[in-house]
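Let me begin by presenting the structure, written as structure tokens, before commenting on it.
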Amino acid sequence: MPVSRGYFRFGAEGLDKLLRGVLTSGTLVVIAGHPGSGKTSLASTMCYSNALEGHKCLYVSLQESKDKLFSNMRRLGLDLHGIEKKGLLHFVKFPLVADPETVLDVTQEMGDLVAKTKPKVLVLDTITPLLKAVNSNVKARAILQNFFAELPKIMNGIVVLLAEVPVTEEKIEAGDMEFVADVILVLRHKIERDLLIRDLEVRKARGAPVVLARVPFTIIEGKGINVYAPVVLEEIPTPRTVELAVSCRSLGKYLGYFQKGQIIYITYPPDARPVPVYLHFTSLAAVNNLRCLIVSYKSSPQELRGLMVKSLEDTGIKREVATELIDKHFIIKGINPVSMGSSQLGFWEIDLIKKVAPDAVIFHGVDIVANVEDPVQYRVGLLNQLLHLKNLGLLTVRMGSYGDRYYNWHALLADIVFKLRIYEEGNTLKYSLYLWKRGKLPVVLGLEELRRCHEEVAEALKKVLSIGGT
Ligand SMILES: Nc1ncnc2c1ncn2[C@@H]1O[C@H](COP(=O)(O)OP(=O)(O)O)[C@@H](O)[C@H]1O
Ligand SMILES: [Mg+2]
């Protein structure tokens, strides 16, 4: 994201998006959090990304040595050595201070350093020992507060103060600096379902149109800080009218066309999950030349690909041809939904969709996610995600068994519902497909119609193959 003159960046895309235009010259930022919450990582990211833009950074540490900081940050993908060599980073380690006089010496020294090196970004990691040392000295406290309030203006840049909050303290505060700071970020981490979950709270942000005060973030080896800005759309988008041909006559008669931007929910009994559905997907993709992304919450890509190939082989299509066709139209990803925190999964998916840029996305095993997530967060997250996908103009297919308690919610969010019913009558099994499209009364297709439908989509697929149109 380009930053205009006089603006600085956080260096994490999501945060720059959320707090657009906040980091102007003269801004004092306070980042508070428990040890290990990510303060040093975020401040280093700010230092690094602004240095890449040519803004010199002065990093003052009262804690870590240069070697330790540089090697830790290197693992997050920040080449502090590189910017130092270019003269864009100046690192200074100050000894720990214990009394008010030394605190004032430190500010004096920092002032001199600023005058000498003329940085645009200054990081103090951390201000906590200074605040502690002046704690009972009202005058020294006032001087310290005033010094940091004025410093960013003198620099014509930004000052980032890190504030360490002891783990024993539940409440996260940045002491005196809260009053003079323009931006206050609070970083938190906690364990949820054995996973480390981080979030960032925007407690204060002068001049920012912040609607959401809390966003999740991750710290990942090689990638650094990743802030997940929320996908909240104020308006419900209208689906684009890109029509996709339906090859089965009885479905076509009822549905007309599939449309990009539609949300389709396909549901079935948990103990009788149908394989023919993959033939329908492949036929739809081949006939309409779609690139589809499948996100499976229960099968590995190999397993799913195997099932899909088999559903084509069953109609007499050769294995190599089937495999080539599947690989041409489908990108299959498997993810264990409990390997991520509740809100992170949705963002992971959006990121993936952005990368793959498909025409359609198929979520496989949505019942699994619904059953492991926090109910309220899940429903809100899902609603936002589906609106987002609609807005992108994607055909969204969600598949899952209807044994879960979220059937109503899944159906409510869908434009089209396919519900396969299988039941015993005497010693025979009966099949029917309950079909509903928004704006119409539902219909039911019987086994004979389903068989014919299956044959018709297979025919349509073979026709595409024979004319080599895929
Ligand atoms: N290479 C890495 N890969 C993944 N996570 C890392 C890596 N390096 C640090 N972290 C995470 O970042 C946390 C430390 O962040 P840090 O910015 O030093 O926190 P703080 O300054 O608030 O104490 C660690 O707890 C660790 O979980
Ligand atoms: Mg630190």
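The chains in the structure tokens are called A, B, ... from first to last as shown; in each chain the residues are counted from 1, and the ligands are counted from 1 in the order shown.
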Nearby residues (only C-alpha atoms) at most 6 Å from A:Leu445, same-chain spacing under 2 positions excluded, as a ChimeraX atom specification: /A:432-433,449
Sel. of helix (DSSP H, G or I) residues, stretch 96-245 of chain A, as number ranges by chain: A: 100-117, 128-133, 138-155, 177-180
Residue neighbourhood stretch 435-444 of chain A, 6 Å, only C-alpha atoms, exclusion window fewer than 4 positions, as a PyMOL selection string: chain A and resi 415-418
Near-A:Lys253 list (12 Å; only C-alpha atoms; drop same-chain fewer than 3 positions) as a count of residues only: 14
Which of stretch 9-250 of chain A fall in strand (DSSP E or B), as a PyMOL selection string: chain A and resi 24+27-33+57-61+89-93+121-125+158-164+183-192+195-205+214-220+224-227+243-244
Selection above as a file: C-alpha atoms, as a PDB file, in the first residue's frame:
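This went into out.pdb:
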ATOM      1  CA  THR A  24       1.441  11.344  10.520  1.00  0.00           C
ATOM      2  CA  THR A  27       2.574  11.107  16.306  1.00  0.00           C
ATOM      3  CA  LEU A  28       3.357   9.445  19.612  1.00  0.00           C
ATOM      4  CA  VAL A  29       2.513   5.742  19.617  1.00  0.00           C
ATOM      5  CA  VAL A  30       2.380   3.565  22.711  1.00  0.00           C
ATOM      6  CA  ILE A  31       2.390  -0.216  22.356  1.00  0.00           C
ATOM      7  CA  ALA A  32       1.616  -1.972  25.623  1.00  0.00           C
ATOM      8  CA  GLY A  33       1.450  -5.637  26.497  1.00  0.00           C
ATOM      9  CA  CYS A  57      15.037   4.731  12.406  1.00  0.00           C
ATOM     10  CA  LEU A  58      16.639   5.085  15.824  1.00  0.00           C
ATOM     11  CA  TYR A  59      16.110   2.005  17.987  1.00  0.00           C
ATOM     12  CA  VAL A  60      16.825   2.590  21.661  1.00  0.00           C
ATOM     13  CA  SER A  61      16.849  -0.553  23.753  1.00  0.00           C
ATOM     14  CA  LEU A  89      19.006   2.209  11.264  1.00  0.00           C
ATOM     15  CA  HIS A  90      20.854   3.309  14.322  1.00  0.00           C
ATOM     16  CA  PHE A  91      20.715   0.933  17.295  1.00  0.00           C
ATOM     17  CA  VAL A  92      21.636   2.064  20.810  1.00  0.00           C
ATOM     18  CA  LYS A  93      21.579   0.057  23.996  1.00  0.00           C
ATOM     19  CA  VAL A 121      11.114   6.913  13.540  1.00  0.00           C
ATOM     20  CA  LEU A 122      12.246   6.395  17.107  1.00  0.00           C
ATOM     21  CA  VAL A 123      11.564   3.216  19.066  1.00  0.00           C
ATOM     22  CA  LEU A 124      12.106   3.022  22.809  1.00  0.00           C
ATOM     23  CA  ASP A 125      12.101  -0.615  23.960  1.00  0.00           C
ATOM     24  CA  ILE A 158       6.977   9.310  14.936  1.00  0.00           C
ATOM     25  CA  VAL A 159       7.975   7.976  18.346  1.00  0.00           C
ATOM     26  CA  VAL A 160       7.036   4.459  19.370  1.00  0.00           C
ATOM     27  CA  LEU A 161       7.160   3.726  23.082  1.00  0.00           C
ATOM     28  CA  LEU A 162       6.851   0.148  24.238  1.00  0.00           C
ATOM     29  CA  ALA A 163       5.352  -0.450  27.662  1.00  0.00           C
ATOM     30  CA  GLU A 164       5.870  -3.712  29.492  1.00  0.00           C
ATOM     31  CA  VAL A 183      -2.178   6.071  19.321  1.00  0.00           C
ATOM     32  CA  ILE A 184      -2.359   3.311  21.916  1.00  0.00           C
ATOM     33  CA  LEU A 185      -2.193  -0.301  20.899  1.00  0.00           C
ATOM     34  CA  VAL A 186      -2.562  -3.105  23.398  1.00  0.00           C
ATOM     35  CA  LEU A 187      -1.214  -6.526  22.444  1.00  0.00           C
ATOM     36  CA  ARG A 188      -2.551  -9.662  24.068  1.00  0.00           C
ATOM     37  CA  HIS A 189      -1.946 -13.354  23.847  1.00  0.00           C
ATOM     38  CA  LYS A 190      -3.830 -16.250  25.331  1.00  0.00           C
ATOM     39  CA  ILE A 191      -4.227 -19.979  24.925  1.00  0.00           C
ATOM     40  CA  GLU A 192      -7.420 -21.175  23.259  1.00  0.00           C
ATOM     41  CA  LEU A 195      -3.361 -22.713  20.403  1.00  0.00           C
ATOM     42  CA  LEU A 196      -1.609 -19.432  20.959  1.00  0.00           C
ATOM     43  CA  ILE A 197      -4.054 -16.700  19.993  1.00  0.00           C
ATOM     44  CA  ARG A 198      -2.938 -13.098  19.682  1.00  0.00           C
ATOM     45  CA  ASP A 199      -4.991  -9.972  19.375  1.00  0.00           C
ATOM     46  CA  LEU A 200      -4.361  -6.311  19.041  1.00  0.00           C
ATOM     47  CA  GLU A 201      -6.647  -3.737  20.579  1.00  0.00           C
ATOM     48  CA  VAL A 202      -6.752  -0.201  19.257  1.00  0.00           C
ATOM     49  CA  ARG A 203      -7.413   1.733  22.418  1.00  0.00           C
ATOM     50  CA  LYS A 204      -6.838   5.159  21.017  1.00  0.00           C
ATOM     51  CA  ALA A 205      -6.210   6.397  17.490  1.00  0.00           C
ATOM     52  CA  ARG A 214      -9.862  -5.594  18.287  1.00  0.00           C
ATOM     53  CA  VAL A 215      -8.192  -7.596  15.545  1.00  0.00           C
ATOM     54  CA  PRO A 216      -6.378 -10.913  15.635  1.00  0.00           C
ATOM     55  CA  PHE A 217      -2.764 -11.159  14.539  1.00  0.00           C
ATOM     56  CA  THR A 218      -0.054 -13.768  14.209  1.00  0.00           C
ATOM     57  CA  ILE A 219       3.724 -13.813  14.460  1.00  0.00           C
ATOM     58  CA  ILE A 220       5.042 -16.323  11.966  1.00  0.00           C
ATOM     59  CA  GLY A 224       6.632 -11.659  10.769  1.00  0.00           C
ATOM     60  CA  ILE A 225       3.558  -9.846  11.991  1.00  0.00           C
ATOM     61  CA  ASN A 226       0.326 -10.437  10.141  1.00  0.00           C
ATOM     62  CA  VAL A 227      -2.691  -8.407  11.249  1.00  0.00           C
ATOM     63  CA  GLU A 243     -24.923 -17.099 -15.695  1.00  0.00           C
ATOM     64  CA  LEU A 244     -23.559 -20.616 -15.541  1.00  0.00           C
TER      65      LEU A 244
END
Check which residues of chain A sit at most 6 Å from ligand 1 using only C-alpha atoms and all ligand atoms, and return one row each with the closest pair of atoms and their distance in Å to one decimal, ordered by chain and rising number, as a Markdown table.
| residue | atom | partner | partner_atom_place_in_ligand_line | distance |
| --- | --- | --- | --- | --- |
| A:Gly33 | CA | ligand 1 | 22 (O) | 5.9 |
| A:His34 | CA | ligand 1 | 22 (O) | 6.0 |
| A:Pro35 | CA | ligand 1 | 23 (O) | 3.7 |
| A:Gly36 | CA | ligand 1 | 23 (O) | 3.4 |
| A:Ser37 | CA | ligand 1 | 22 (O) | 3.9 |
| A:Gly38 | CA | ligand 1 | 17 (O) | 3.2 |
| A:Lys39 | CA | ligand 1 | 22 (O) | 3.7 |
| A:Thr40 | CA | ligand 1 | 17 (O) | 3.6 |
| A:Ser41 | CA | ligand 1 | 17 (O) | 3.6 |
| A:Asn72 | CA | ligand 1 | 8 (N) | 5.9 |
| A:Arg75 | CA | ligand 1 | 1 (N) | 4.6 |
| A:Leu76 | CA | ligand 1 | 1 (N) | 5.1 |
| A:Ile219 | CA | ligand 1 | 5 (N) | 4.9 |
| A:Ile220 | CA | ligand 1 | 4 (C) | 4.3 |
| A:Glu221 | CA | ligand 1 | 3 (N) | 3.5 |
Distance table requested - stretch 384-405 of chain A against stretch 344-355 of chain A, cut-off 9 Å, only C-alpha atoms: one row per qualifying residue with the closest atom pair and its distance in Å to one decimal, ordered by chain and rising residue number, as a tab-separated table.
residue	atom	partner	partner_atom	distance
A:Gln385	CA	A:Gly346	CA	6.9
A:His388	CA	A:Ile350	CA	8.7
A:Leu389	CA	A:Ile350	CA	8.5
Can you spit out the residues from that selection as a PDB file, in the first residue's frame, using N, CA and C atoms?
ATOM      1  N   GLN A 385     -17.985 -13.371   5.910  1.00  0.00           N
ATOM      2  CA  GLN A 385     -17.208 -14.022   4.858  1.00  0.00           C
ATOM      3  C   GLN A 385     -18.057 -14.239   3.605  1.00  0.00           C
ATOM      4  N   HIS A 388     -18.590 -11.147   1.733  1.00  0.00           N
ATOM      5  CA  HIS A 388     -17.340 -10.813   1.058  1.00  0.00           C
ATOM      6  C   HIS A 388     -17.201 -11.608  -0.249  1.00  0.00           C
ATOM      7  N   LEU A 389     -17.502 -12.896  -0.184  1.00  0.00           N
ATOM      8  CA  LEU A 389     -17.389 -13.750  -1.368  1.00  0.00           C
ATOM      9  C   LEU A 389     -18.410 -13.332  -2.433  1.00  0.00           C
TER      10      LEU A 389
END
Polymer residues at most 8 Å from stretch 274-278 of chain A, only C-alpha atoms, same-chain spacing of 5 or more positions, as a PyMOL selection string: chain A and resi 268+307-308+311+454
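The spacing separating atom CA of A:Leu447 from atom CA of A:Tyr431 amounts to 5.5 Å.
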Between atom CA of A:Val366 and atom CA of A:Asn336 - distance in Å to one decimal: 11.5 Å
Selection near stretch 379-382 of chain A, 12 Å with only C-alpha atoms, sequence-local residues under 6 positions removed, as a ChimeraX atom specification: /A:230-233,263,342-347,349-350,363,366,369-371,373,388-389,398,406-410,412-414
Separation of atom CA of A:Asn156 from atom CA of A:Lys118 in Å: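 Atom CA of A:Asn156 lies 9.4 Å from atom CA of A:Lys118.
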Counting only C-alpha atoms, the option among A:Met73, A:Leu42, A:Leu130, A:Leu290 closest to A:Val242: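 Once distances to A:Val242 are computed over only C-alpha atoms, the minimum belongs to A:Leu290.
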Residues near stretch 322-324 of chain A, cut-off 12 Å, only C-alpha atoms, skip fewer than 3 positions along chain, as a ChimeraX atom specification: /A:278-279,282-283,286,302,304-319,327-330,458,461-462,465,470
Which of A:Ile332, A:Leu392, A:Ala174, A:Leu151 sits closest to A:Gly261 [using only C-alpha atoms]: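 When distances to A:Gly261 are compared using only C-alpha atoms, the smallest one comes from A:Leu392.
When only C-alpha atoms and all ligand atoms are used to measure the gap to ligand 2, the shortest distance among A:Lys68, A:His55, A:Arg452, A:Arg9 belongs to A:Lys68.
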